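File shown here: entry_22.cif, holding mmCIF, C-alpha atoms.
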data_data
#
loop_
_atom_site.group_PDB
_atom_site.id
_atom_site.type_symbol
_atom_site.label_atom_id
_atom_site.label_comp_id
_atom_site.auth_asym_id
_atom_site.auth_seq_id
_atom_site.Cartn_x
_atom_site.Cartn_y
_atom_site.Cartn_z
ATOM 1 C CA MET A 1 19.916 4.247 -30.095
ATOM 2 C CA PRO A 2 23.406 5.863 -29.880
ATOM 3 C CA SER A 3 24.515 7.798 -32.945
ATOM 4 C CA LYS A 4 27.482 6.756 -35.078
ATOM 5 C CA ARG A 5 29.356 9.866 -33.930
ATOM 6 C CA ARG A 6 28.991 8.845 -30.291
ATOM 7 C CA LEU A 7 30.177 5.321 -31.096
ATOM 8 C CA ARG A 8 33.256 6.731 -32.827
ATOM 9 C CA TRP A 9 34.062 8.943 -29.865
ATOM 10 C CA ALA A 10 33.654 5.955 -27.551
ATOM 11 C CA ALA A 11 36.012 3.880 -29.702
ATOM 12 C CA ILE A 12 38.853 6.433 -29.470
ATOM 13 C CA PRO A 13 39.539 6.079 -25.706
ATOM 14 C CA LEU A 14 39.140 2.307 -25.972
ATOM 15 C CA GLY A 15 41.774 2.222 -28.719
ATOM 16 C CA ILE A 16 44.123 4.432 -26.709
ATOM 17 C CA ALA A 17 43.637 2.247 -23.609
ATOM 18 C CA ALA A 18 44.405 -0.895 -25.634
ATOM 19 C CA ALA A 19 47.563 0.695 -27.099
ATOM 20 C CA VAL A 20 48.768 1.763 -23.640
ATOM 21 C CA ALA A 21 48.092 -1.708 -22.218
ATOM 22 C CA LEU A 22 50.021 -3.374 -25.040
ATOM 23 C CA ALA A 23 52.898 -0.906 -24.698
ATOM 24 C CA GLY A 24 53.268 -1.918 -21.066
ATOM 25 C CA CYS A 25 53.594 -5.619 -21.922
ATOM 26 C CA SER A 26 56.959 -7.316 -21.576
ATOM 27 C CA PRO A 27 58.463 -9.155 -24.572
ATOM 28 C CA THR A 28 57.443 -12.419 -22.902
ATOM 29 C CA GLU A 29 53.819 -11.301 -22.750
ATOM 30 C CA LEU A 30 53.854 -9.895 -26.288
ATOM 31 C CA ASN A 31 55.100 -13.276 -27.506
ATOM 32 C CA GLY A 32 52.308 -15.194 -25.826
ATOM 33 C CA PHE A 33 54.469 -16.420 -22.909
ATOM 34 C CA LEU A 34 56.291 -18.724 -25.315
ATOM 35 C CA PRO A 35 59.875 -19.739 -24.489
ATOM 36 C CA GLY A 36 62.726 -18.467 -26.628
ATOM 37 C CA PHE A 37 62.762 -14.804 -25.550
ATOM 38 C CA VAL A 38 64.505 -12.852 -22.797
ATOM 39 C CA GLU A 39 63.425 -9.613 -21.137
ATOM 40 C CA ASP A 40 65.095 -7.389 -23.726
ATOM 41 C CA GLY A 41 63.172 -9.194 -26.488
ATOM 42 C CA THR A 42 66.146 -11.002 -28.038
ATOM 43 C CA ALA A 43 64.987 -14.211 -29.713
ATOM 44 C CA ALA A 44 66.894 -17.501 -29.594
ATOM 45 C CA THR A 45 67.146 -17.793 -33.413
ATOM 46 C CA ASN A 46 66.378 -15.781 -36.515
ATOM 47 C CA GLN A 47 63.168 -17.836 -36.903
ATOM 48 C CA THR A 48 61.824 -17.783 -33.352
ATOM 49 C CA GLU A 49 60.025 -14.453 -33.692
ATOM 50 C CA ARG A 50 58.384 -15.579 -36.942
ATOM 51 C CA VAL A 51 56.945 -18.672 -35.226
ATOM 52 C CA SER A 52 55.824 -16.611 -32.236
ATOM 53 C CA GLY A 53 54.140 -14.026 -34.460
ATOM 54 C CA LEU A 54 52.171 -16.668 -36.330
ATOM 55 C CA TRP A 55 51.061 -18.281 -33.065
ATOM 56 C CA VAL A 56 50.077 -15.068 -31.245
ATOM 57 C CA ASN A 57 48.322 -13.423 -34.206
ATOM 58 C CA SER A 58 46.348 -16.604 -34.895
ATOM 59 C CA TRP A 59 45.138 -16.627 -31.298
ATOM 60 C CA ILE A 60 44.159 -12.949 -31.484
ATOM 61 C CA VAL A 61 42.053 -13.547 -34.601
ATOM 62 C CA LEU A 62 40.446 -16.640 -33.090
ATOM 63 C CA LEU A 63 39.658 -14.850 -29.825
ATOM 64 C CA VAL A 64 38.035 -11.948 -31.706
ATOM 65 C CA VAL A 65 35.907 -14.415 -33.667
ATOM 66 C CA GLY A 66 35.065 -16.227 -30.437
ATOM 67 C CA VAL A 67 34.043 -13.040 -28.591
ATOM 68 C CA ILE A 68 31.795 -11.965 -31.491
ATOM 69 C CA THR A 69 30.246 -15.429 -31.723
ATOM 70 C CA TRP A 70 29.659 -15.702 -27.970
ATOM 71 C CA GLY A 71 28.236 -12.183 -27.933
ATOM 72 C CA LEU A 72 25.777 -12.953 -30.730
ATOM 73 C CA MET A 73 24.727 -16.165 -29.004
ATOM 74 C CA ALA A 74 24.097 -14.314 -25.727
ATOM 75 C CA TRP A 75 22.230 -11.510 -27.507
ATOM 76 C CA ALA A 76 19.996 -13.993 -29.363
ATOM 77 C CA ALA A 77 19.272 -15.905 -26.166
ATOM 78 C CA ILE A 78 18.261 -12.679 -24.373
ATOM 79 C CA ALA A 79 16.526 -10.784 -27.180
ATOM 80 C CA TYR A 80 14.423 -13.715 -28.352
ATOM 81 C CA ARG A 81 13.645 -15.321 -25.020
ATOM 82 C CA ARG A 82 10.091 -16.264 -24.210
ATOM 83 C CA ARG A 83 8.295 -13.338 -22.583
ATOM 84 C CA LYS A 84 5.696 -13.554 -19.861
ATOM 85 C CA GLY A 85 2.346 -14.466 -21.329
ATOM 86 C CA GLN A 86 3.727 -15.814 -24.596
ATOM 87 C CA THR A 87 2.671 -19.280 -25.688
ATOM 88 C CA GLY A 88 3.430 -21.529 -28.594
ATOM 89 C CA LEU A 89 6.363 -21.313 -30.954
ATOM 90 C CA PRO A 90 7.824 -18.038 -32.196
ATOM 91 C CA VAL A 91 7.617 -17.106 -35.861
ATOM 92 C CA GLN A 92 9.687 -19.600 -37.835
ATOM 93 C CA MET A 93 12.058 -18.275 -40.534
ATOM 94 C CA ARG A 94 13.162 -20.568 -43.353
ATOM 95 C CA TYR A 95 16.375 -18.698 -44.197
ATOM 96 C CA ASN A 96 18.074 -15.331 -44.213
ATOM 97 C CA MET A 97 20.194 -15.015 -47.323
ATOM 98 C CA PRO A 98 22.467 -12.119 -46.203
ATOM 99 C CA ILE A 99 23.294 -13.895 -42.917
ATOM 100 C CA GLU A 100 23.915 -17.218 -44.657
ATOM 101 C CA ILE A 101 26.244 -15.540 -47.169
ATOM 102 C CA PHE A 102 28.026 -13.802 -44.292
ATOM 103 C CA TYR A 103 28.684 -16.927 -42.223
ATOM 104 C CA THR A 104 29.827 -18.785 -45.341
ATOM 105 C CA ILE A 105 32.221 -16.175 -46.713
ATOM 106 C CA VAL A 106 33.781 -14.944 -43.442
ATOM 107 C CA PRO A 107 34.974 -18.392 -42.233
ATOM 108 C CA LEU A 108 36.262 -19.108 -45.743
ATOM 109 C CA LEU A 109 38.276 -15.871 -45.713
ATOM 110 C CA LEU A 110 39.636 -16.675 -42.240
ATOM 111 C CA VAL A 111 40.748 -20.156 -43.298
ATOM 112 C CA MET A 112 42.349 -18.818 -46.489
ATOM 113 C CA GLY A 113 44.132 -16.086 -44.539
ATOM 114 C CA MET A 114 45.519 -18.510 -41.957
ATOM 115 C CA PHE A 115 46.601 -20.880 -44.708
ATOM 116 C CA PHE A 116 48.405 -18.063 -46.539
ATOM 117 C CA PHE A 117 50.357 -16.833 -43.505
ATOM 118 C CA THR A 118 51.172 -20.379 -42.372
ATOM 119 C CA ALA A 119 52.413 -21.371 -45.842
ATOM 120 C CA ARG A 120 54.422 -18.148 -46.122
ATOM 121 C CA ASP A 121 56.155 -18.588 -42.770
ATOM 122 C CA GLN A 122 56.707 -22.314 -43.202
ATOM 123 C CA THR A 123 58.314 -21.726 -46.589
ATOM 124 C CA ALA A 124 60.673 -19.167 -45.060
ATOM 125 C CA ILE A 125 61.558 -21.455 -42.137
ATOM 126 C CA GLU A 126 62.098 -24.476 -44.372
ATOM 127 C CA THR A 127 64.388 -22.604 -46.789
ATOM 128 C CA GLN A 128 67.832 -24.213 -46.548
ATOM 129 C CA TRP A 129 71.200 -22.489 -46.837
ATOM 130 C CA ASP A 130 73.106 -23.289 -50.048
ATOM 131 C CA ASP A 131 76.446 -22.971 -48.287
ATOM 132 C CA PRO A 132 75.974 -22.772 -44.487
ATOM 133 C CA ASP A 133 78.766 -21.778 -42.123
ATOM 134 C CA VAL A 134 78.261 -24.921 -40.044
ATOM 135 C CA GLU A 135 76.812 -28.329 -40.909
ATOM 136 C CA ILE A 136 75.906 -30.797 -38.176
ATOM 137 C CA THR A 137 74.283 -34.217 -38.307
ATOM 138 C CA ALA A 138 71.987 -35.052 -35.387
ATOM 139 C CA ILE A 139 71.192 -38.752 -35.068
ATOM 140 C CA GLY A 140 68.349 -40.025 -32.903
ATOM 141 C CA LYS A 141 68.515 -43.483 -31.368
ATOM 142 C CA GLN A 142 66.697 -45.316 -28.614
ATOM 143 C CA TRP A 143 67.090 -43.352 -26.362
ATOM 144 C CA SER A 144 69.740 -40.716 -26.887
ATOM 145 C CA TRP A 145 71.500 -38.547 -29.448
ATOM 146 C CA ASP A 146 74.719 -38.531 -31.464
ATOM 147 C CA PHE A 147 76.101 -35.341 -33.039
ATOM 148 C CA MET A 148 78.580 -35.127 -35.908
ATOM 149 C CA TYR A 149 80.221 -31.839 -36.923
ATOM 150 C CA ALA A 150 81.179 -31.802 -40.601
ATOM 151 C CA GLY A 151 84.754 -31.072 -41.619
ATOM 152 C CA GLU A 152 86.071 -28.782 -44.351
ATOM 153 C CA ASP A 153 84.186 -29.107 -47.662
ATOM 154 C CA ASP A 154 81.894 -31.707 -46.043
ATOM 155 C CA ASP A 155 84.801 -34.141 -45.826
ATOM 156 C CA LEU A 156 83.603 -36.830 -43.395
ATOM 157 C CA SER A 157 87.142 -38.012 -42.779
ATOM 158 C CA ASP A 158 87.729 -34.609 -41.169
ATOM 159 C CA ALA A 159 84.440 -34.659 -39.202
ATOM 160 C CA VAL A 160 84.270 -34.924 -35.409
ATOM 161 C CA TRP A 161 81.504 -36.407 -33.293
ATOM 162 C CA THR A 162 80.082 -37.235 -29.881
ATOM 163 C CA MET A 163 77.934 -40.204 -28.843
ATOM 164 C CA GLY A 164 75.402 -39.806 -26.058
ATOM 165 C CA ILE A 165 73.561 -42.054 -23.640
ATOM 166 C CA GLN A 166 70.056 -41.622 -22.300
ATOM 167 C CA ALA A 167 69.381 -39.529 -19.218
ATOM 168 C CA GLN A 168 70.359 -41.183 -15.938
ATOM 169 C CA PRO A 169 67.926 -40.264 -13.128
ATOM 170 C CA ASP A 170 68.932 -40.903 -9.520
ATOM 171 C CA LYS A 171 66.697 -42.532 -6.915
ATOM 172 C CA ASP A 172 64.822 -39.242 -6.467
ATOM 173 C CA GLY A 173 64.243 -38.839 -10.196
ATOM 174 C CA ASN A 174 66.747 -35.992 -10.596
ATOM 175 C CA ILE A 175 68.757 -36.039 -13.815
ATOM 176 C CA ASP A 176 72.437 -35.196 -13.997
ATOM 177 C CA GLN A 177 72.468 -32.583 -16.763
ATOM 178 C CA GLU A 178 76.204 -32.899 -17.294
ATOM 179 C CA GLN A 179 75.787 -36.496 -18.483
ATOM 180 C CA LEU A 180 73.331 -35.536 -21.212
ATOM 181 C CA PRO A 181 74.605 -35.319 -24.807
ATOM 182 C CA THR A 182 75.357 -31.728 -25.755
ATOM 183 C CA LEU A 183 74.952 -29.984 -29.097
ATOM 184 C CA VAL A 184 77.264 -26.959 -29.465
ATOM 185 C CA LEU A 185 76.375 -24.172 -31.914
ATOM 186 C CA PRO A 186 78.208 -20.947 -32.850
ATOM 187 C CA VAL A 187 76.198 -17.765 -32.365
ATOM 188 C CA ASP A 188 75.258 -15.593 -35.379
ATOM 189 C CA GLN A 189 76.345 -18.264 -37.868
ATOM 190 C CA GLU A 190 74.277 -20.018 -40.525
ATOM 191 C CA VAL A 191 73.673 -23.529 -39.206
ATOM 192 C CA THR A 192 72.222 -26.502 -41.068
ATOM 193 C CA ILE A 193 71.320 -29.610 -39.084
ATOM 194 C CA HIS A 194 70.792 -32.883 -40.936
ATOM 195 C CA LEU A 195 68.377 -35.099 -38.991
ATOM 196 C CA GLN A 196 68.682 -38.874 -39.097
ATOM 197 C CA SER A 197 67.344 -41.841 -37.125
ATOM 198 C CA ARG A 198 69.045 -45.141 -36.338
ATOM 199 C CA ASP A 199 65.880 -47.055 -35.489
ATOM 200 C CA VAL A 200 62.338 -45.682 -35.045
ATOM 201 C CA ILE A 201 60.708 -42.304 -35.688
ATOM 202 C CA HIS A 202 62.060 -39.578 -33.398
ATOM 203 C CA SER A 203 61.468 -35.830 -33.351
ATOM 204 C CA PHE A 204 64.258 -33.280 -32.842
ATOM 205 C CA TRP A 205 63.019 -30.451 -30.635
ATOM 206 C CA ILE A 206 64.980 -27.552 -29.148
ATOM 207 C CA ILE A 207 62.279 -26.040 -26.952
ATOM 208 C CA ASP A 208 63.339 -22.370 -27.003
ATOM 209 C CA PHE A 209 63.804 -22.454 -30.779
ATOM 210 C CA LEU A 210 60.029 -23.083 -31.146
ATOM 211 C CA TYR A 211 60.465 -25.649 -33.902
ATOM 212 C CA LYS A 212 60.774 -29.398 -34.214
ATOM 213 C CA LYS A 213 61.221 -31.864 -37.051
ATOM 214 C CA ASP A 214 60.698 -35.597 -37.334
ATOM 215 C CA MET A 215 63.489 -38.068 -38.000
ATOM 216 C CA TYR A 216 62.795 -41.140 -40.131
ATOM 217 C CA ILE A 217 64.634 -44.229 -41.244
ATOM 218 C CA GLY A 218 65.569 -43.819 -44.910
ATOM 219 C CA LYS A 219 64.572 -40.123 -45.139
ATOM 220 C CA ASP A 220 66.845 -37.403 -43.820
ATOM 221 C CA ASN A 221 65.296 -34.075 -42.836
ATOM 222 C CA THR A 222 67.175 -30.779 -42.749
ATOM 223 C CA TRP A 223 66.728 -27.646 -40.668
ATOM 224 C CA SER A 224 68.539 -24.326 -41.231
ATOM 225 C CA PHE A 225 68.629 -21.366 -38.837
ATOM 226 C CA ILE A 226 70.897 -18.790 -37.192
ATOM 227 C CA PRO A 227 71.342 -18.959 -33.384
ATOM 228 C CA THR A 228 71.155 -15.332 -32.240
ATOM 229 C CA ARG A 229 71.666 -15.513 -28.478
ATOM 230 C CA VAL A 230 74.452 -17.092 -26.455
ATOM 231 C CA GLY A 231 73.090 -19.392 -23.785
ATOM 232 C CA GLU A 232 72.098 -22.879 -22.736
ATOM 233 C CA TYR A 233 68.919 -24.540 -23.946
ATOM 234 C CA GLU A 234 67.075 -27.807 -23.457
ATOM 235 C CA GLY A 235 66.226 -30.328 -26.147
ATOM 236 C CA LYS A 236 64.250 -33.539 -26.217
ATOM 237 C CA CYS A 237 62.559 -36.072 -28.450
ATOM 238 C CA ALA A 238 58.986 -34.973 -29.206
ATOM 239 C CA GLU A 239 57.800 -38.264 -30.732
ATOM 240 C CA LEU A 240 56.818 -41.251 -28.586
ATOM 241 C CA CYS A 241 59.607 -43.662 -29.484
ATOM 242 C CA GLY A 242 59.525 -46.413 -26.886
ATOM 243 C CA GLU A 243 59.856 -47.222 -23.208
ATOM 244 C CA TYR A 244 62.521 -44.608 -22.356
ATOM 245 C CA HIS A 245 61.207 -41.814 -24.580
ATOM 246 C CA SER A 246 61.073 -39.422 -21.606
ATOM 247 C CA MET A 247 64.802 -39.995 -21.002
ATOM 248 C CA MET A 248 65.780 -38.947 -24.551
ATOM 249 C CA LEU A 249 67.086 -35.521 -23.567
ATOM 250 C CA PHE A 250 69.974 -33.335 -24.695
ATOM 251 C CA ASN A 251 71.512 -29.947 -23.984
ATOM 252 C CA VAL A 252 72.254 -27.158 -26.448
ATOM 253 C CA GLU A 253 75.001 -24.593 -25.910
ATOM 254 C CA VAL A 254 75.176 -21.543 -28.159
ATOM 255 C CA VAL A 255 78.678 -20.084 -27.825
ATOM 256 C CA GLU A 256 80.999 -17.594 -29.476
ATOM 257 C CA GLN A 257 82.871 -18.722 -32.579
ATOM 258 C CA ASP A 258 86.211 -19.151 -30.814
ATOM 259 C CA GLU A 259 84.611 -21.370 -28.161
ATOM 260 C CA TYR A 260 82.969 -23.447 -30.862
ATOM 261 C CA ASP A 261 86.283 -23.874 -32.695
ATOM 262 C CA ALA A 262 87.959 -24.901 -29.442
ATOM 263 C CA TYR A 263 85.227 -27.482 -28.779
ATOM 264 C CA VAL A 264 85.630 -29.020 -32.245
ATOM 265 C CA GLU A 265 89.405 -29.157 -31.770
ATOM 266 C CA GLU A 266 88.952 -30.801 -28.372
ATOM 267 C CA LEU A 267 86.881 -33.582 -29.966
ATOM 268 C CA ARG A 268 89.546 -34.013 -32.619
ATOM 269 C CA GLU A 269 92.256 -34.384 -29.983
ATOM 270 C CA LYS A 270 90.175 -37.088 -28.274
ATOM 271 C CA GLY A 271 90.221 -39.080 -31.510
ATOM 272 C CA ASN A 272 86.500 -38.692 -32.220
ATOM 273 C CA THR A 273 87.112 -38.179 -35.917
ATOM 274 C CA GLY A 274 85.787 -39.580 -39.183
ATOM 275 C CA ASP A 275 82.326 -40.739 -40.183
ATOM 276 C CA ILE A 276 80.262 -41.408 -37.056
ATOM 277 C CA ALA A 277 78.460 -44.257 -38.818
ATOM 278 C CA ASP A 278 81.743 -46.142 -39.197
ATOM 279 C CA ALA A 279 82.649 -45.452 -35.577
ATOM 280 C CA TYR A 280 79.234 -46.616 -34.374
ATOM 281 C CA ASP A 281 79.435 -49.863 -36.354
ATOM 282 C CA ARG A 282 82.970 -50.471 -35.132
ATOM 283 C CA LEU A 283 82.034 -49.935 -31.479
ATOM 284 C CA SER A 284 78.891 -52.042 -31.802
ATOM 285 C CA ASN A 285 80.964 -55.016 -32.917
ATOM 286 C CA LEU A 286 83.266 -54.881 -29.895
ATOM 287 C CA PRO A 287 81.774 -56.919 -27.011
ATOM 288 C CA GLY A 288 81.546 -54.939 -23.792
ATOM 289 C CA THR A 289 82.457 -51.611 -25.423
ATOM 290 C CA GLY A 290 79.791 -51.181 -28.077
ATOM 291 C CA ALA A 291 77.336 -48.344 -28.372
ATOM 292 C CA SER A 292 74.507 -50.802 -27.897
ATOM 293 C CA ASP A 293 76.135 -52.034 -24.677
ATOM 294 C CA GLU A 294 76.371 -48.472 -23.371
ATOM 295 C CA ALA A 295 72.676 -48.000 -23.991
ATOM 296 C CA SER A 296 71.883 -51.255 -22.195
ATOM 297 C CA GLU A 297 73.964 -50.216 -19.196
ATOM 298 C CA GLY A 298 72.099 -46.913 -19.070
ATOM 299 C CA GLU A 299 68.751 -48.722 -19.005
ATOM 300 C CA GLU A 300 69.835 -50.972 -16.135
ATOM 301 C CA GLU A 301 71.037 -48.059 -14.057
#

Please lay out the structure from this file as C-alpha cells.
Amino acid sequence: MPSKRRLRWAAIPLGIAAAVALAGCSPTELNGFLPGFVEDGTAATNQTERVSGLWVNSWIVLLVVGVITWGLMAWAAIAYRRRKGQTGLPVQMRYNMPIEIFYTIVPLLLVMGMFFFTARDQTAIETQWDDPDVEITAIGKQWSWDFMYAGEDDDLSDAVWTMGIQAQPDKDGNIDQEQLPTLVLPVDQEVTIHLQSRDVIHSFWIIDFLYKKDMYIGKDNTWSFIPTRVGEYEGKCAELCGEYHSMMLFNVEVVEQDEYDAYVEELREKGNTGDIADAYDRLSNLPGTGASDEASEGEEE
C-alpha cells in the first residue's frame, strides 16, 4: 500500500504536467472550442467570456464526476468479481450509512453549486443598461428580420430602419450573403436590443455572441451587451418557426463609431425614417409593393 507521502510526491509532477498542458492551449481550446474568440483571446462581446467560462467549467466538473464514477464502477466490477471456485451469492449488505450520506450530499452540493453560478452569470447577462449608447429594435417575421435604430431621446420620428427578406439560395443551394438583412453595431458601445415578433415565436441568435433570446407576440424581450471586436458575424433564428425557418438568416457587422454614424445617415438619406411599424403597415397596404408581397416573392424564387 503506497504511503501518503509517496502519493503526494506523485501528485506534484502530475499537477505540473497539467499546468504545462493547459498553458500550451490556445484561447480557442481554453474556451472549449466555442465560437466568439480569436487567436489572441479577444471575445466578441463583454459577455462572451462569461458564457464560455460557465460552459467550460461545468464540463470540467461533470467530467471529473464521471471519471470518478466510472473508476468506482470498474473497481467494484473487478474487486468483487466471482473468483474461481466460488459458488452462491456473495455476502449481502443491507446498507452502508457513510456511503449513502456521501452520495446524497455530494450530488446535492454539485447541483446547488451549478445553480448558484448559473443564476449569478444569468443575472449579470440579463442586467439592462439604464441609458445605453445605442438602442435597436430587432423584429422577427416569417422568415426574415427588420432592424430599427432609435433616434435621439428615443424619438421614433427620428429613427431609421431596414427591412429584410429571407435568404435566397441559388440552384446549388448557395446563399448570397449580400442579400441578407444586416444589423450594424458600433464597437465598444453599450448596446440594447429590443426583440419583437410580428407573427410566431422566433429566437434571436448571434452565434459568436454565445447568447440567444426568444421573441414573442405581445411580450418584448431586451438584451444588453457591449460589442468588443470589429468584424462580421452570422445570425439566425434558433426557434423552429415554419417552413422557411432555415432561411431566416442575417448578418452582423461590428464597426467603428464613425462607420456606424455614416450607416445611420445613409439610411436617413434613403428616406427610411420614422417608426418602422407605420412603414410596414403602409407598405403592406400597397398592392405589389408591400412587405408581405416581398416575402411571397422570396418564397417563390

**Request:** Excluding A:Trp205 and residues on its chain fewer than 5 positions from it, collect all residues at most 12 Å away from it, counting all atoms listed in the file, and give them as a ChimeraX atom specification.
**Result:** /A:138,140,145,193,195,210-215,223,233-239,248-252

**Message:** Taking 3 positions as the minimum chain separation for residues in the same chain, which residues sit within 8 Å of stretch 113-129 of chain A when counting only C-alpha atoms? Answer as a list in words.
**Reply:**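 Using only C-alpha atoms, the neighbours found are Gln47, Arg50, Val51, Leu54, Ser58, Leu109, Leu110, Pro132, Glu190, Thr192, Thr222, Trp223, Ser224 and Phe225 of chain A.
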
**Message:** What would the selection look like, as a list in words, if the PyMOL selection byres ((chain A and resi 257-271) around 9) were run on the coordinates I just shared?
**Reply:**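 Matching residues under the PyMOL selection byres ((chain A and resi 257-271) around 9) are Tyr149, Asp158, Ala159, Val160, Trp161, Thr162, Val184, Leu185, Pro186, Val187, Asp188, Gln189, Val254, Val255, Glu256, Asn272, Thr273 and Gly274 of chain A.
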
**Asked** To one decimal place, how far is atom CA of A:Asn96 from atom CA of A:Gly66 in Å?
**Response**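 Rounded to one decimal, the two atoms are 21.9 Å apart.
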
**Request:** May I ask for the distance between atom CA of A:Glu39 and atom CA of A:Gly53, given in Å to one decimal place?
**Result:**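 So the two atoms, atom CA of A:Glu39 and atom CA of A:Gly53, lie 16.8 Å apart.
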
**Prompt:** Any idea what the distance is between atom CA of A:Ser26 and atom CA of A:Ile68?
**Reply:** 27.4 Å

Quick one: residues within 12 Å of A:Ala277, only C-alpha atoms counted, chain neighbours fewer than 2 positions away excluded, as a PDB file with C-alpha atoms, keeping the file's coordinate frame?
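result_32.pdb was written with the following content:
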ATOM      1  CA  THR A 137      74.283 -34.217 -38.307  1.00  0.00           C
ATOM      2  CA  ALA A 138      71.987 -35.052 -35.387  1.00  0.00           C
ATOM      3  CA  ILE A 139      71.192 -38.752 -35.068  1.00  0.00           C
ATOM      4  CA  ASP A 146      74.719 -38.531 -31.464  1.00  0.00           C
ATOM      5  CA  PHE A 147      76.101 -35.341 -33.039  1.00  0.00           C
ATOM      6  CA  MET A 148      78.580 -35.127 -35.908  1.00  0.00           C
ATOM      7  CA  LEU A 156      83.603 -36.830 -43.395  1.00  0.00           C
ATOM      8  CA  SER A 157      87.142 -38.012 -42.779  1.00  0.00           C
ATOM      9  CA  ALA A 159      84.440 -34.659 -39.202  1.00  0.00           C
ATOM     10  CA  VAL A 160      84.270 -34.924 -35.409  1.00  0.00           C
ATOM     11  CA  TRP A 161      81.504 -36.407 -33.293  1.00  0.00           C
ATOM     12  CA  THR A 162      80.082 -37.235 -29.881  1.00  0.00           C
ATOM     13  CA  MET A 163      77.934 -40.204 -28.843  1.00  0.00           C
ATOM     14  CA  GLN A 196      68.682 -38.874 -39.097  1.00  0.00           C
ATOM     15  CA  SER A 197      67.344 -41.841 -37.125  1.00  0.00           C
ATOM     16  CA  ARG A 198      69.045 -45.141 -36.338  1.00  0.00           C
ATOM     17  CA  ASN A 272      86.500 -38.692 -32.220  1.00  0.00           C
ATOM     18  CA  THR A 273      87.112 -38.179 -35.917  1.00  0.00           C
ATOM     19  CA  GLY A 274      85.787 -39.580 -39.183  1.00  0.00           C
ATOM     20  CA  ASP A 275      82.326 -40.739 -40.183  1.00  0.00           C
ATOM     21  CA  ALA A 279      82.649 -45.452 -35.577  1.00  0.00           C
ATOM     22  CA  TYR A 280      79.234 -46.616 -34.374  1.00  0.00           C
ATOM     23  CA  ASP A 281      79.435 -49.863 -36.354  1.00  0.00           C
ATOM     24  CA  ARG A 282      82.970 -50.471 -35.132  1.00  0.00           C
ATOM     25  CA  LEU A 283      82.034 -49.935 -31.479  1.00  0.00           C
ATOM     26  CA  SER A 284      78.891 -52.042 -31.802  1.00  0.00           C
ATOM     27  CA  ALA A 291      77.336 -48.344 -28.372  1.00  0.00           C
TER      28      ALA A 291
END

**Request:** Given the file shown, enumerate the residues that the PyMOL selection byres ((chain A and resi 228) around 8) captures and present them as a list in words.
**Result:** Thr42, Ala43, Ala44, Thr45, Asn46, Val187, Asp188, Ile226, Pro227, Arg229 and Val230 of chain A

Selection export as a PDB file, keeping the file's coordinate frame, atoms kept: C-alpha atoms:
ATOM      1  CA  THR A  42      66.146 -11.002 -28.038  1.00  0.00           C
ATOM      2  CA  ALA A  43      64.987 -14.211 -29.713  1.00  0.00           C
ATOM      3  CA  ALA A  44      66.894 -17.501 -29.594  1.00  0.00           C
ATOM      4  CA  THR A  45      67.146 -17.793 -33.413  1.00  0.00           C
ATOM      5  CA  ASN A  46      66.378 -15.781 -36.515  1.00  0.00           C
ATOM      6  CA  VAL A 187      76.198 -17.765 -32.365  1.00  0.00           C
ATOM      7  CA  ASP A 188      75.258 -15.593 -35.379  1.00  0.00           C
ATOM      8  CA  ILE A 226      70.897 -18.790 -37.192  1.00  0.00           C
ATOM      9  CA  PRO A 227      71.342 -18.959 -33.384  1.00  0.00           C
ATOM     10  CA  ARG A 229      71.666 -15.513 -28.478  1.00  0.00           C
ATOM     11  CA  VAL A 230      74.452 -17.092 -26.455  1.00  0.00           C
TER      12      VAL A 230
END

**Item:** Answer key for the PyMOL selection byres ((chain A and resi 144) around 6), residues as a ChimeraX atom specification
**Value:** /A:141-143,145,164-166,248

Please report, as JSON, the centre and edge lengths in Å to one decimal of an axis-aligned box covering all listed atoms of stretch 70-86 of chain A with 8 Å per side.
{"center_x": 16.0, "center_y": -13.5, "center_z": -25.3, "size_x": 43.3, "size_y": 21.5, "size_z": 26.9}

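With all atoms listed in the file as the basis for measurement, A:His194 is the residue among A:His202, A:His194, A:Val134, A:Gln168 that approaches A:Asn221 most closely.
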
**Prompt:** Which one is closest to A:Asp208: A:Val38, A:Ile136, A:Val64, A:Cys241? Count only C-alpha atoms.
**Reply:**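 Closest to A:Asp208, using only C-alpha atoms: A:Val38.
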
For the structure just given, write the atoms of stretch 258-283 of chain A, namely C-alpha atoms, as a PDB file, in the first residue's frame.
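The result, written out as part_8.pdb:
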ATOM      1  CA  ASP A 258     -17.795  56.830 -37.373  1.00  0.00           C
ATOM      2  CA  GLU A 259     -18.774  53.993 -39.721  1.00  0.00           C
ATOM      3  CA  TYR A 260     -21.884  53.343 -37.668  1.00  0.00           C
ATOM      4  CA  ASP A 261     -22.858  57.026 -37.785  1.00  0.00           C
ATOM      5  CA  ALA A 262     -22.324  57.055 -41.549  1.00  0.00           C
ATOM      6  CA  TYR A 263     -24.532  53.969 -41.948  1.00  0.00           C
ATOM      7  CA  VAL A 264     -27.363  55.549 -39.940  1.00  0.00           C
ATOM      8  CA  GLU A 265     -27.077  58.736 -42.004  1.00  0.00           C
ATOM      9  CA  GLU A 266     -27.158  56.704 -45.216  1.00  0.00           C
ATOM     10  CA  LEU A 267     -30.463  55.116 -44.156  1.00  0.00           C
ATOM     11  CA  ARG A 268     -31.822  58.550 -43.334  1.00  0.00           C
ATOM     12  CA  GLU A 269     -30.896  59.855 -46.779  1.00  0.00           C
ATOM     13  CA  LYS A 270     -32.740  56.908 -48.353  1.00  0.00           C
ATOM     14  CA  GLY A 271     -35.903  58.010 -46.560  1.00  0.00           C
ATOM     15  CA  ASN A 272     -36.058  55.003 -44.229  1.00  0.00           C
ATOM     16  CA  THR A 273     -37.118  57.148 -41.298  1.00  0.00           C
ATOM     17  CA  GLY A 274     -39.836  57.108 -38.654  1.00  0.00           C
ATOM     18  CA  ASP A 275     -41.500  54.244 -36.823  1.00  0.00           C
ATOM     19  CA  ILE A 276     -40.902  51.006 -38.730  1.00  0.00           C
ATOM     20  CA  ALA A 277     -44.324  49.719 -37.678  1.00  0.00           C
ATOM     21  CA  ASP A 278     -46.007  52.575 -39.544  1.00  0.00           C
ATOM     22  CA  ALA A 279     -43.806  51.994 -42.581  1.00  0.00           C
ATOM     23  CA  TYR A 280     -44.543  48.263 -42.551  1.00  0.00           C
ATOM     24  CA  ASP A 281     -48.305  48.817 -42.346  1.00  0.00           C
ATOM     25  CA  ARG A 282     -48.144  51.415 -45.098  1.00  0.00           C
ATOM     26  CA  LEU A 283     -46.171  49.141 -47.431  1.00  0.00           C
TER      27      LEU A 283
END
